[in-house]
Amino acid sequence: MLVEHAGGEVKKVSLELLTAARVLGEPAAVVLGAPGVAAPLKDKLAEYGATTVYVGESDDVDGYVAAPKAEVLAALVGGVAPAAVLVAATAESREVAARVAVRTGSGLVTDAVGLAADGTATQNVFGGATVVRSRVTRGIPVIALRPNSVDATPSPVAAEERVVDVSISDAARGAKIVERVAEQKSSRPELTEASVVVSGGRGLGGGENFAVVERLADTLGAAVGASRAATDAGWYPHTSQVGQTGVTVSPQLYIAVGISGAIQHRAGMQTSKTIVAINKDPEAPIFEIADFGVVGDLFTVVPQLTEELARRKG
Amino acid sequence: MNIVVLVKQVPDTWAERKLSDSDKTLDRESVDAVINELDEYAVEEGLRLKEAHGGEVTVLTMGPARAAETIRKALSMGADKAIHVTDDALHGSDAIQTATALAKALGTVEWDLVIAGSESTDARMSVLPALLSELLGVPQLSRARRVTVEGSTVRIERQTDAGYDVVEGSVPAVLSVVEKINEPRYPSFKGIMQAKSKPVTTLSAADLGLTDVGLGSAYTRVEEFTQRPPREAGQVVKDEGDGGVKIAEYLASNKLV
């Protein structure tokens with residue numbers, strides 16, 4: 001499995017991947033990135049069952065979009081012949097998985113929410129309306145797993161570290177990353193990986209009012225999402241947009257604040273385990289899928305909720 | 001700068017989408033079909049680049065005969081000509097087979113840039129641009145929210161979770177766009193009329209020298225599917241000065257906080 005990591009830490013989805021991989025056999029973790037990224041990750045990977053940690057570190061692996069990682073991973077797959085290749089269904093890792101599938105002549109399944117011992121993957125499609133079980137029929141299955149689909153459980157083993165060859169072809173150096181720009185507060189969890197998401201919509205009336213959503217999110221340790229109406233109006237970054245043309249999330253808890261619940265939005269969140277909605281319109285479609293809804297003014301209800309949660313915590 | 005824009009006709013999200021009981025493929029026939037939303041942004045970006053740098057915009061799609069409607073829409077926005085890869089034998093193609101066919105079709109036209117939407121609303125895999133980049137051996141400039149061209153260098157702002165990366169590559173390249181990139185134009189009446197006489201080349205699997213096509217040769221297979229029961233409404237209460245507290249109680253009693 002391809003490890004998602006940032007800032008010297010293994011991301012939660014990687015622990016979910018390892019847990020899922022254990023259904024198929026002994027997982028090997030692959031860490032790719034700039035020199036030095038793997039060292040702080042090894043213990044955590046071993047704690048969740050990685051019997052081997054392959055390390056592919058170089059400036060080239062880190063400095064170009066997707067292709068170098070795919071080249072290294074595909075070569076490794078060719079040498080090791082695993083039962084499957086698992087990645088997280090994140091933006092770049094899907095691209096890496098796609099390229100690995102082509103390079104190894106294999107089939108590709110994305111957005112899996114579960115893996116079975118027989119190698120089939122379960123997927124939710126059409127915004128969650130249909131559940132599908134798919135099988136890769138050629139090559140080594142390459143599967144991208146959605147964050148928050150599998151509960152990560154530890155399974156400590158001794159991990160052997162192996163360094164892999166990271167010589168990259170010129171063809172893999174086509175898309176050079178010249179600069180990385182951070183635009184949002186990085187202390188909140190990432191939207192697709194968060195267990196709790198609080199999203200704001202048209203009912204907020206303006207970008208400055210997102211502070212109401214952010215305060216609730218921070219009390220819950222949640223990520224902040226936004227409806228398309230809010231991002232189109234420039235109230236919140238497009239990277240936070242949940243919905244058909246934005247991000248799909250499936251957290252434990254999704255709180256929709258001032259969001260009507262048009263189908264474009266629902267397509268991005270309706271498989272969330274629990275949905276809570278606050279909207280002043282009793283006819284808002286979001287109430288059709290909410291487990292708990294309050295019809296009322298979000299500017300009184302949400303601060304009251306935030307305060308009550310803080311009180312209970314303290 | 002010659003540009004090929006990839007477009008796809010997809011079932012309307014508002015319609016009830018389902019898989020066929022007969023062969024477990026997406027039922028494209030019995031629902032309203034529209035151009036994939038992000039592809040309008042791709043066409044728009046192609047037109048803007050043409051307006052700035054000259055050249056031609058060709059629209060390319062792979063789909064059943066009905067996908068001609070989507071081609072017509074892109075032509076009416078201002079694209080110059082189109083290629084329609086269509087063949088019953090291609091029914092049930094997976095992402096890899098689709099990319100393989102499109103790569104072959106791209107071999108029939110001169111291009112500097114292929115532009116695609118980053119994701120389609122039916123399968124939502126978000127992999128086609130990467131597959132094409134790998135098959136064609138050209139730079140993958142994907143998830144662009146801004147594009148600038150200087151000579152033969154294409155620079156994009158690539159959307160990331162944290163913000164964006166500035167990424168550069170040389171043409172020929174594959175570019176994919178996200179929604180933030182632009183506002184697609186509405187076709188003018190003149191554009192709609194002109195679209196009817198713009199050239200559309202139809203290509204079959206045989207024309208492209210494709211073997212191993214369609215469902216029987218797919219790299220993945222749907223074994224079974226079930227309709228999930230629709231999500232039901234739960235409790236809805238009116239705020240009477242205690243709405244926030246009631247939510248907190250609900251969350252606590254469900255062990256969510």
# chains A, B, ... in the order shown; residues from 1 in each chain; ligands from 1
>>> residues_around(residues="B:Gly243", least_positions_apart="4", cutoff="9 Å", atoms="only C-alpha atoms", output="ChimeraX atom specification")
/A:278,294-296,300-302,304-305 /B:237-239,247-248
>>> select_by_dssp(residues="stretch 1-238 of chain A", states="helix (DSSP H, G or I)", output="ChimeraX atom specification")
/A:12-21,39-47,59-63,67-80,91-104,126-128,170-173,202-204,207-220,228-232,238
>>> closest_atom_pairs(of="chain A", to="chain B", cutoff="7 Å", atoms="only C-alpha atoms", output="tab-separated table")
residue	atom	partner	partner_atom	distance
A:Arg94	CA	B:Val127	CA	6.4
A:Glu95	CA	B:Ala130	CA	5.3
A:Ala98	CA	B:Leu131	CA	5.7
A:Arg99	CA	B:Leu131	CA	5.8
A:Ser106	CA	B:Tyr219	CA	6.7
A:Gly107	CA	B:Tyr219	CA	4.4
A:Leu108	CA	B:Thr220	CA	6.9
A:Thr110	CA	B:Met125	CA	6.0
A:Phe126	CA	B:Arg17	CA	6.7
A:Ala129	CA	B:Arg228	CA	5.3
A:Thr130	CA	B:Gln227	CA	4.5
A:Val131	CA	B:Thr226	CA	5.3
A:Val132	CA	B:Phe225	CA	4.3
A:Arg133	CA	B:Glu224	CA	5.5
A:Ser134	CA	B:Val222	CA	4.4
A:Arg135	CA	B:Arg221	CA	5.3
A:Val136	CA	B:Thr220	CA	4.2
A:Thr137	CA	B:Tyr219	CA	5.2
A:Arg138	CA	B:Tyr219	CA	5.1
A:Ala171	CA	B:Gly137	CA	6.2
A:Gly174	CA	B:Pro139	CA	4.2
A:Ala175	CA	B:Gly169	CA	4.9
A:Lys176	CA	B:Glu168	CA	5.2
A:Ile177	CA	B:Val167	CA	4.5
A:Val178	CA	B:Val166	CA	5.4
A:Glu179	CA	B:Val166	CA	5.0
A:Arg180	CA	B:Asp165	CA	4.4
A:Val181	CA	B:Tyr164	CA	5.3
A:Ala182	CA	B:Gly163	CA	4.7
A:Glu183	CA	B:Gly163	CA	4.5
A:Gln184	CA	B:Ala162	CA	6.0
A:His238	CA	B:Lys180	CA	6.6
A:Thr239	CA	B:Asp161	CA	6.3
A:Gln244	CA	B:Thr121	CA	6.6
A:Ile263	CA	B:Trp14	CA	6.8
A:Phe287	CA	B:Ala233	CA	6.3
A:Glu288	CA	B:Ala233	CA	4.5
A:Ile289	CA	B:Ala233	CA	4.9
A:Ala290	CA	B:Ala233	CA	5.6
A:Asp291	CA	B:Gly234	CA	4.1
A:Phe292	CA	B:Gln235	CA	4.8
A:Gly293	CA	B:Val236	CA	4.4
A:Val294	CA	B:Val237	CA	5.0
A:Val295	CA	B:Lys238	CA	4.7
A:Gly296	CA	B:Asp239	CA	5.0
A:Val301	CA	B:Gly244	CA	4.5
A:Val302	CA	B:Gly244	CA	5.9
A:Gln304	CA	B:Gly244	CA	4.8
A:Leu305	CA	B:Gly244	CA	3.9
A:Glu308	CA	B:Val245	CA	6.1
A:Leu309	CA	B:Ala248	CA	6.2
>>> residues_around(residues="A:Ala159", least_positions_apart="2", cutoff="7 Å", atoms="only C-alpha atoms", output="list in words")
Ala46, Ala50, Thr51, Thr52, Val53, Val157 and Glu161 of chain A
>>> residues_around(residues="A:Gly119", least_positions_apart="5", cutoff="8 Å", atoms="only C-alpha atoms", output="count of residues only")
4
>>> atom_distance(atom1="atom CA of A:Glu214", atom2="atom CA of A:Gly200")
9.1 Å
>>> residues_around(residues="stretch 100-104 of chain A", least_positions_apart="6", cutoff="7 Å", atoms="only C-alpha atoms", output="list in words")
Ala70, Leu73, Ala74, Gly139 and Val142 of chain A
>>> write_last_selection(atoms="N, CA and C atoms", output="PDB file, in the first residue's frame")
ATOM      1  N   ALA A  70       4.617   6.802  -9.553  1.00  0.00           N
ATOM      2  CA  ALA A  70       4.041   5.666 -10.284  1.00  0.00           C
ATOM      3  C   ALA A  70       5.149   4.784 -10.843  1.00  0.00           C
ATOM      4  N   LEU A  73       6.696   2.812  -7.924  1.00  0.00           N
ATOM      5  CA  LEU A  73       5.731   1.836  -7.397  1.00  0.00           C
ATOM      6  C   LEU A  73       5.503   0.702  -8.396  1.00  0.00           C
ATOM      7  N   ALA A  74       5.385   1.040  -9.674  1.00  0.00           N
ATOM      8  CA  ALA A  74       5.157   0.003 -10.690  1.00  0.00           C
ATOM      9  C   ALA A  74       6.343  -0.955 -10.775  1.00  0.00           C
ATOM     10  N   GLY A 139      -4.337  -8.586 -14.578  1.00  0.00           N
ATOM     11  CA  GLY A 139      -3.170  -8.057 -13.875  1.00  0.00           C
ATOM     12  C   GLY A 139      -3.331  -8.108 -12.367  1.00  0.00           C
ATOM     13  N   VAL A 142      -5.409  -2.903  -8.745  1.00  0.00           N
ATOM     14  CA  VAL A 142      -4.990  -1.625  -8.188  1.00  0.00           C
ATOM     15  C   VAL A 142      -6.258  -0.976  -7.646  1.00  0.00           C
TER      16      VAL A 142
END
>>> closest_residue(among="A:Asn209, A:Leu45, A:Ser260, A:Ala21", to="A:Ile143", atoms="only C-alpha atoms")
A:Ala21
>>> closest_residue(among="B:Ala101, B:Gly78, B:Ala89, B:Leu136", to="B:Met193", atoms="only C-alpha atoms")
B:Gly78
>>> atom_distance(atom1="atom CA of A:Arg173", atom2="atom CA of B:Thr61")
28.2 Å
>>> atom_distance(atom1="atom CA of A:Thr219", atom2="atom CA of A:Ala267")
26.5 Å
>>> closest_residue(among="B:Gly214, B:Gly117, B:Gly151, B:Gly209", to="B:Val43", atoms="only C-alpha atoms")
B:Gly117
>>> residues_around(residues="A:Pro82", least_positions_apart="3", cutoff="10 Å", atoms="only C-alpha atoms", output="list in words")
Met1, Leu24, Gly25, Glu26, Pro27, Ala28, Leu76, Val77, Gly78, Gly79, Val85, Ile140 and Pro141 of chain A
>>> residues_around(residues="A:Ala6", least_positions_apart="3", cutoff="10 Å", atoms="only C-alpha atoms", output="PyMOL selection string")
chain A and resi 3+9-11+33+37+41
>>> write_last_selection(atoms="N, CA and C atoms", output="short mmCIF file (atom, residue, chain, number, x, y, z; two decimals), in the first residue's frame")
data_model
loop_
_atom_site.label_atom_id
_atom_site.label_comp_id
_atom_site.auth_asym_id
_atom_site.auth_seq_id
_atom_site.Cartn_x
_atom_site.Cartn_y
_atom_site.Cartn_z
N VAL A 3 1.75 4.81 1.19
CA VAL A 3 1.50 5.53 2.43
C VAL A 3 1.22 7.01 2.17
N GLU A 9 4.25 12.61 9.80
CA GLU A 9 3.28 11.69 10.39
C GLU A 9 2.55 10.88 9.32
N VAL A 10 2.17 9.67 9.73
CA VAL A 10 1.35 8.84 8.85
C VAL A 10 -0.08 9.35 8.94
N LYS A 11 -0.71 9.56 7.80
CA LYS A 11 -2.11 10.03 7.83
C LYS A 11 -3.04 8.86 8.17
N GLY A 33 8.78 9.85 -1.29
CA GLY A 33 8.80 11.29 -1.04
C GLY A 33 10.20 11.82 -1.01
N VAL A 37 11.78 11.37 4.60
CA VAL A 37 10.38 11.31 5.04
C VAL A 37 10.02 10.01 5.75
N LEU A 41 8.12 7.45 10.18
CA LEU A 41 6.84 6.78 9.93
C LEU A 41 6.88 5.29 10.25
#
